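Student: Okay, so here is run_3.cif, and as you'll see once you scroll down, it has mmCIF, C-alpha atoms.
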```cif
data_target
#
loop_
_atom_site.group_PDB
_atom_site.id
_atom_site.type_symbol
_atom_site.label_atom_id
_atom_site.label_comp_id
_atom_site.auth_asym_id
_atom_site.auth_seq_id
_atom_site.Cartn_x
_atom_site.Cartn_y
_atom_site.Cartn_z
ATOM 1 C CA MET A 1 12.444 4.428 11.142
ATOM 2 C CA SER A 2 11.174 4.882 14.673
ATOM 3 C CA ASP A 3 9.797 2.682 17.436
ATOM 4 C CA ALA A 4 7.077 1.354 15.138
ATOM 5 C CA PHE A 5 6.829 -2.345 14.386
ATOM 6 C CA TYR A 6 7.646 -2.779 10.722
ATOM 7 C CA ILE A 7 6.928 -5.968 8.810
ATOM 8 C CA THR A 8 7.166 -7.048 5.187
ATOM 9 C CA ARG A 9 3.999 -7.900 3.257
ATOM 10 C CA GLU A 10 5.007 -11.607 3.327
ATOM 11 C CA GLY A 11 5.567 -11.487 7.083
ATOM 12 C CA ALA A 12 2.148 -9.924 7.668
ATOM 13 C CA LYS A 13 0.530 -12.641 5.555
ATOM 14 C CA ARG A 14 2.279 -15.341 7.616
ATOM 15 C CA LEU A 15 1.030 -13.824 10.885
ATOM 16 C CA GLN A 16 -2.508 -13.505 9.465
ATOM 17 C CA ALA A 17 -2.414 -17.124 8.283
ATOM 18 C CA GLU A 18 -1.272 -18.298 11.718
ATOM 19 C CA LEU A 19 -4.073 -16.327 13.388
ATOM 20 C CA ALA A 20 -6.652 -17.726 10.979
ATOM 21 C CA ALA A 21 -5.423 -21.290 11.558
ATOM 22 C CA LEU A 22 -5.565 -20.864 15.326
ATOM 23 C CA HIS A 23 -9.156 -19.568 15.112
ATOM 24 C CA ALA A 24 -10.435 -21.988 12.465
ATOM 25 C CA THR A 25 -8.775 -25.313 13.249
ATOM 26 C CA VAL A 26 -6.381 -25.468 16.191
ATOM 27 C CA ARG A 27 -8.529 -23.902 18.924
ATOM 28 C CA PRO A 28 -11.793 -25.697 17.948
ATOM 29 C CA LYS A 29 -9.949 -29.040 17.984
ATOM 30 C CA ILE A 30 -8.595 -28.424 21.495
ATOM 31 C CA VAL A 31 -12.028 -27.258 22.696
ATOM 32 C CA VAL A 32 -13.499 -30.603 21.570
ATOM 33 C CA GLU A 33 -10.694 -32.507 23.306
ATOM 34 C CA VAL A 34 -11.239 -30.568 26.545
ATOM 35 C CA ALA A 35 -15.008 -31.202 26.393
ATOM 36 C CA GLU A 36 -14.414 -34.927 25.892
ATOM 37 C CA ALA A 37 -11.946 -35.000 28.790
ATOM 38 C CA ALA A 38 -14.397 -33.088 31.008
ATOM 39 C CA ALA A 39 -17.101 -35.639 30.233
ATOM 40 C CA GLN A 40 -14.933 -38.365 31.768
ATOM 41 C CA GLY A 41 -15.694 -37.132 35.267
ATOM 42 C CA ASP A 42 -13.433 -35.822 38.025
ATOM 43 C CA ARG A 43 -11.575 -32.885 36.493
ATOM 44 C CA SER A 44 -9.151 -32.377 39.362
ATOM 45 C CA GLU A 45 -7.249 -35.561 38.555
ATOM 46 C CA ASN A 46 -7.922 -35.680 34.817
ATOM 47 C CA ALA A 47 -4.566 -35.036 33.120
ATOM 48 C CA GLU A 48 -6.111 -34.714 29.655
ATOM 49 C CA TYR A 49 -8.516 -32.052 30.915
ATOM 50 C CA ILE A 50 -5.814 -30.122 32.800
ATOM 51 C CA TYR A 51 -3.394 -30.282 29.852
ATOM 52 C CA GLY A 52 -6.150 -29.289 27.408
ATOM 53 C CA LYS A 53 -7.120 -26.249 29.493
ATOM 54 C CA LYS A 54 -3.462 -25.236 29.680
ATOM 55 C CA LYS A 55 -3.133 -25.606 25.900
ATOM 56 C CA LEU A 56 -6.279 -23.481 25.397
ATOM 57 C CA ARG A 57 -4.785 -20.700 27.551
ATOM 58 C CA GLU A 58 -1.587 -20.800 25.485
ATOM 59 C CA ILE A 59 -3.565 -20.642 22.235
ATOM 60 C CA ASP A 60 -5.715 -17.787 23.527
ATOM 61 C CA ARG A 61 -2.578 -15.921 24.604
ATOM 62 C CA ARG A 62 -1.068 -16.380 21.111
ATOM 63 C CA ILE A 63 -4.321 -15.287 19.431
ATOM 64 C CA HIS A 64 -4.401 -12.181 21.619
ATOM 65 C CA TRP A 65 -0.751 -11.380 20.861
ATOM 66 C CA LEU A 66 -1.178 -11.911 17.096
ATOM 67 C CA THR A 67 -4.333 -9.773 17.029
ATOM 68 C CA ARG A 68 -2.651 -6.917 18.904
ATOM 69 C CA ARG A 69 0.524 -7.175 16.832
ATOM 70 C CA LEU A 70 -1.331 -7.139 13.505
ATOM 71 C CA GLU A 71 -3.211 -4.042 14.656
ATOM 72 C CA SER A 72 0.029 -2.238 15.493
ATOM 73 C CA VAL A 73 2.412 -3.221 12.679
ATOM 74 C CA THR A 74 3.221 -1.079 9.694
ATOM 75 C CA VAL A 75 3.438 -3.157 6.520
ATOM 76 C CA VAL A 76 6.294 -1.985 4.321
ATOM 77 C CA ASP A 77 6.111 -2.839 0.632
ATOM 78 C CA SER A 78 9.408 -3.382 -1.131
ATOM 79 C CA PRO A 79 10.214 -1.476 -4.300
ATOM 80 C CA THR A 80 9.253 -3.446 -7.402
ATOM 81 C CA GLY A 81 12.235 -2.456 -9.491
ATOM 82 C CA PRO A 82 15.978 -2.341 -8.933
ATOM 83 C CA THR A 83 17.251 0.019 -6.278
ATOM 84 C CA SER A 84 20.684 1.414 -5.561
ATOM 85 C CA VAL A 85 20.427 1.399 -1.743
ATOM 86 C CA VAL A 86 19.678 -1.241 0.880
ATOM 87 C CA TYR A 87 16.065 -0.880 2.034
ATOM 88 C CA PHE A 88 13.711 -2.675 4.418
ATOM 89 C CA GLY A 89 12.849 -6.022 2.807
ATOM 90 C CA ALA A 90 15.907 -6.112 0.540
ATOM 91 C CA TYR A 91 18.181 -9.103 0.050
ATOM 92 C CA VAL A 92 21.771 -7.980 0.479
ATOM 93 C CA ASP A 93 24.781 -9.970 -0.674
ATOM 94 C CA VAL A 94 27.912 -9.153 1.314
ATOM 95 C CA GLN A 95 31.501 -10.343 1.270
ATOM 96 C CA ASP A 96 33.726 -10.432 4.362
ATOM 97 C CA GLU A 97 37.480 -9.840 4.637
ATOM 98 C CA ALA A 98 38.194 -13.519 3.935
ATOM 99 C CA GLY A 99 36.126 -13.451 0.743
ATOM 100 C CA ALA A 100 33.200 -15.445 2.124
ATOM 101 C CA LEU A 101 29.822 -14.467 0.691
ATOM 102 C CA ALA A 102 26.605 -14.232 2.701
ATOM 103 C CA THR A 103 23.085 -13.074 1.932
ATOM 104 C CA TYR A 104 20.902 -11.239 4.426
ATOM 105 C CA ARG A 105 17.367 -9.936 4.201
ATOM 106 C CA ILE A 106 16.385 -6.905 6.246
ATOM 107 C CA VAL A 107 13.043 -7.670 7.968
ATOM 108 C CA GLY A 108 10.978 -6.841 11.048
ATOM 109 C CA GLU A 109 11.509 -8.368 14.487
ATOM 110 C CA ASP A 110 8.631 -10.810 13.998
ATOM 111 C CA GLU A 111 10.212 -12.272 10.864
ATOM 112 C CA ILE A 112 13.741 -13.085 12.028
ATOM 113 C CA ASN A 113 14.991 -16.418 10.712
ATOM 114 C CA LEU A 114 18.752 -16.681 10.999
ATOM 115 C CA ASP A 115 18.828 -20.003 9.135
ATOM 116 C CA GLN A 116 17.511 -18.161 6.056
ATOM 117 C CA GLY A 117 19.559 -14.997 6.674
ATOM 118 C CA ASP A 118 16.512 -12.918 7.679
ATOM 119 C CA ILE A 119 17.791 -10.311 10.150
ATOM 120 C CA SER A 120 16.008 -7.530 11.985
ATOM 121 C CA TRP A 121 16.414 -3.980 10.792
ATOM 122 C CA ARG A 122 17.072 -3.158 14.466
ATOM 123 C CA SER A 123 19.987 -5.606 14.796
ATOM 124 C CA PRO A 124 23.544 -4.244 14.598
ATOM 125 C CA MET A 125 23.976 -5.889 11.179
ATOM 126 C CA GLY A 126 20.605 -4.658 9.901
ATOM 127 C CA ARG A 127 21.178 -1.083 11.074
ATOM 128 C CA SER A 128 24.644 -1.087 9.520
ATOM 129 C CA LEU A 129 23.386 -2.302 6.133
ATOM 130 C CA LEU A 130 20.378 0.014 5.737
ATOM 131 C CA LYS A 131 20.911 2.776 3.162
ATOM 132 C CA LYS A 132 24.254 1.367 1.997
ATOM 133 C CA ARG A 133 25.089 1.020 -1.702
ATOM 134 C CA VAL A 134 26.874 -1.646 -3.729
ATOM 135 C CA GLY A 135 30.599 -1.320 -3.049
ATOM 136 C CA ASP A 136 30.151 0.307 0.380
ATOM 137 C CA LEU A 137 32.211 -1.023 3.264
ATOM 138 C CA VAL A 138 30.197 -1.847 6.374
ATOM 139 C CA VAL A 139 31.803 -2.332 9.788
ATOM 140 C CA VAL A 140 29.730 -4.439 12.168
ATOM 141 C CA VAL A 141 30.550 -5.243 15.781
ATOM 142 C CA ARG A 142 29.279 -8.747 16.474
ATOM 143 C CA PRO A 143 29.528 -10.930 19.577
ATOM 144 C CA ARG A 144 32.382 -12.836 17.927
ATOM 145 C CA GLY A 145 34.203 -9.645 17.003
ATOM 146 C CA ARG A 146 34.352 -6.844 14.513
ATOM 147 C CA ALA A 147 33.686 -7.623 10.862
ATOM 148 C CA GLU A 148 34.216 -5.600 7.720
ATOM 149 C CA LEU A 149 31.740 -6.440 4.971
ATOM 150 C CA THR A 150 31.468 -5.138 1.445
ATOM 151 C CA VAL A 151 28.021 -4.819 -0.121
ATOM 152 C CA VAL A 152 28.179 -6.872 -3.321
ATOM 153 C CA ALA A 153 24.561 -6.760 -4.499
ATOM 154 C CA ILE A 154 21.093 -5.568 -3.518
ATOM 155 C CA ARG A 155 18.148 -7.652 -4.718
ATOM 156 C CA THR A 156 14.351 -7.573 -4.497
ATOM 157 C CA SER A 157 13.955 -11.342 -4.078
ATOM 158 C CA ARG A 158 15.943 -14.337 -2.872
ATOM 159 C CA ASP A 159 16.227 -15.740 -6.394
ATOM 160 C CA ALA A 160 16.823 -12.509 -8.336
ATOM 161 C CA GLU A 161 20.048 -12.002 -10.208
ATOM 162 C CA ALA A 162 22.543 -9.755 -8.467
#
```
What would you get if you wrote out this structure as structure tokens?
Tutor:
Amino acid sequence: MSDAFYITREGAKRLQAELAALHATVRPKIVVEVAEAAAQGDRSENAEYIYGKKKLREIDRRIHWLTRRLESVTVVDSPTGPTSVVYFGAYVDVQDEAGALATYRIVGEDEINLDQGDISWRSPMGRSLLKKRVGDLVVVVRPRGRAELTVVAIRTSRDAEA
């Protein structure tokens, strides 16, 4: 994998849904609010107008970023059947030296959600796990120190059996 921006099919759908919502509902609502605030008169001291214009700029910036990002990402489809190696989009069950189990999913930078265990393929943990097999030992240097993890299972979905 190179400097490209990779994303899972689900991640691309989430970004597309956010872009569609911004275009279809969020931005038009703010435009109406700004127009109503502008109709109240003096715009220089109208907090609703000033805040609304600021919000519109933020929305437009996000729309621009999402549009550019969706044009530049490479959507990676996960294998449909079982696989013997960790791949982009895989759920990986690992066990540390103390016996604690954790599950990580290897995703693109735009999909990171540490609360769900979604880690970037570019992170130290993600890079260390890619292409590993069940039973492989993975050494990861983290901010809180070095960790040795054993790959316990590789799955295609969060709920799949290991």
Student: List every protein, DNA or RNA residue that has at least one atom no more than 12 Å from (14.4, -9.4, 2.0) in the file's coordinates, counting all atoms listed in the file, and write the result as an NGL selection string.
Tutor: :A and (7-11 or 76-79 or 86-93 or 103-108 or 111-113 or 116-121 or 126 or 130 or 154-160)
Student: Would you mind reading off the distance between CA of Glu48 in chain A and CA of Trp65 in chain A, one decimal, in Å?
Tutor: 25.5 Å
Student: Go through A:Leu56, A:Ala153, A:Leu137, A:Leu66 and flag the residue nearest Ala102 in chain A, using all atoms listed in the file for the distances.
Tutor: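 Once distances to Ala102 in chain A are computed over all atoms listed in the file, the minimum belongs to A:Ala153.
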Student: Measuring atom to atom with only C-alpha atoms, identify which of A:Ala24, A:Met125, A:Ile59, A:Val141 is nearest to Val94 in chain A.
Tutor: A:Met125
Student: On this structure, which residues satisfy the PyMOL selection byres ((chain A and resi 135) around 7), written as a VMD selection string?
Tutor: chain A and resid 133 to 134 136 to 137 150 to 152
Student: Considering all atoms listed in the file, can you say which of A:Lys55, A:Arg61, A:Arg146, A:Lys132 comes closest to Asp96 in chain A?
Tutor: A:Arg146
Student: Provide the CA of His64 in chain A to CA of Asp110 in chain A distance in Å, to one decimal place.
Tutor: 15.2 Å
Student: By how many Å are CA of Ala4 in chain A and CA of Thr74 in chain A apart?
Tutor: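 The value is 7.1 Å.
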Student: Box along x, y and z, 6 Å on every side, all listed atoms of range 20-31 of chain A inside: centre and edge lengths in Å to one decimal, as JSON.
Tutor:
```
{"center_x": -8.7, "center_y": -23.4, "center_z": 16.8, "size_x": 18.6, "size_y": 23.3, "size_z": 23.7}
```
Student: For range 16-18 of chain A, work out the shell of residues within 12 Å, counting all atoms listed in the file and skipping chain neighbours fewer than 2 positions away, then give it as a PyMOL selection string.
Tutor: chain A and resi 9-14+20-27+59+62-63+65-71+73
Student: Can you tell me, as a list in words, what residues are no more than 10 Å from Ala35 in chain A when counting all atoms listed in the file, ignoring any on the same chain fewer than 3 positions away?
Tutor: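 Neighbouring residues, sequence-local ones excluded: Ile30, Val31, Val32, Ala38, Ala39, Gln40, Tyr49, Gly52 and Lys53 of chain A.
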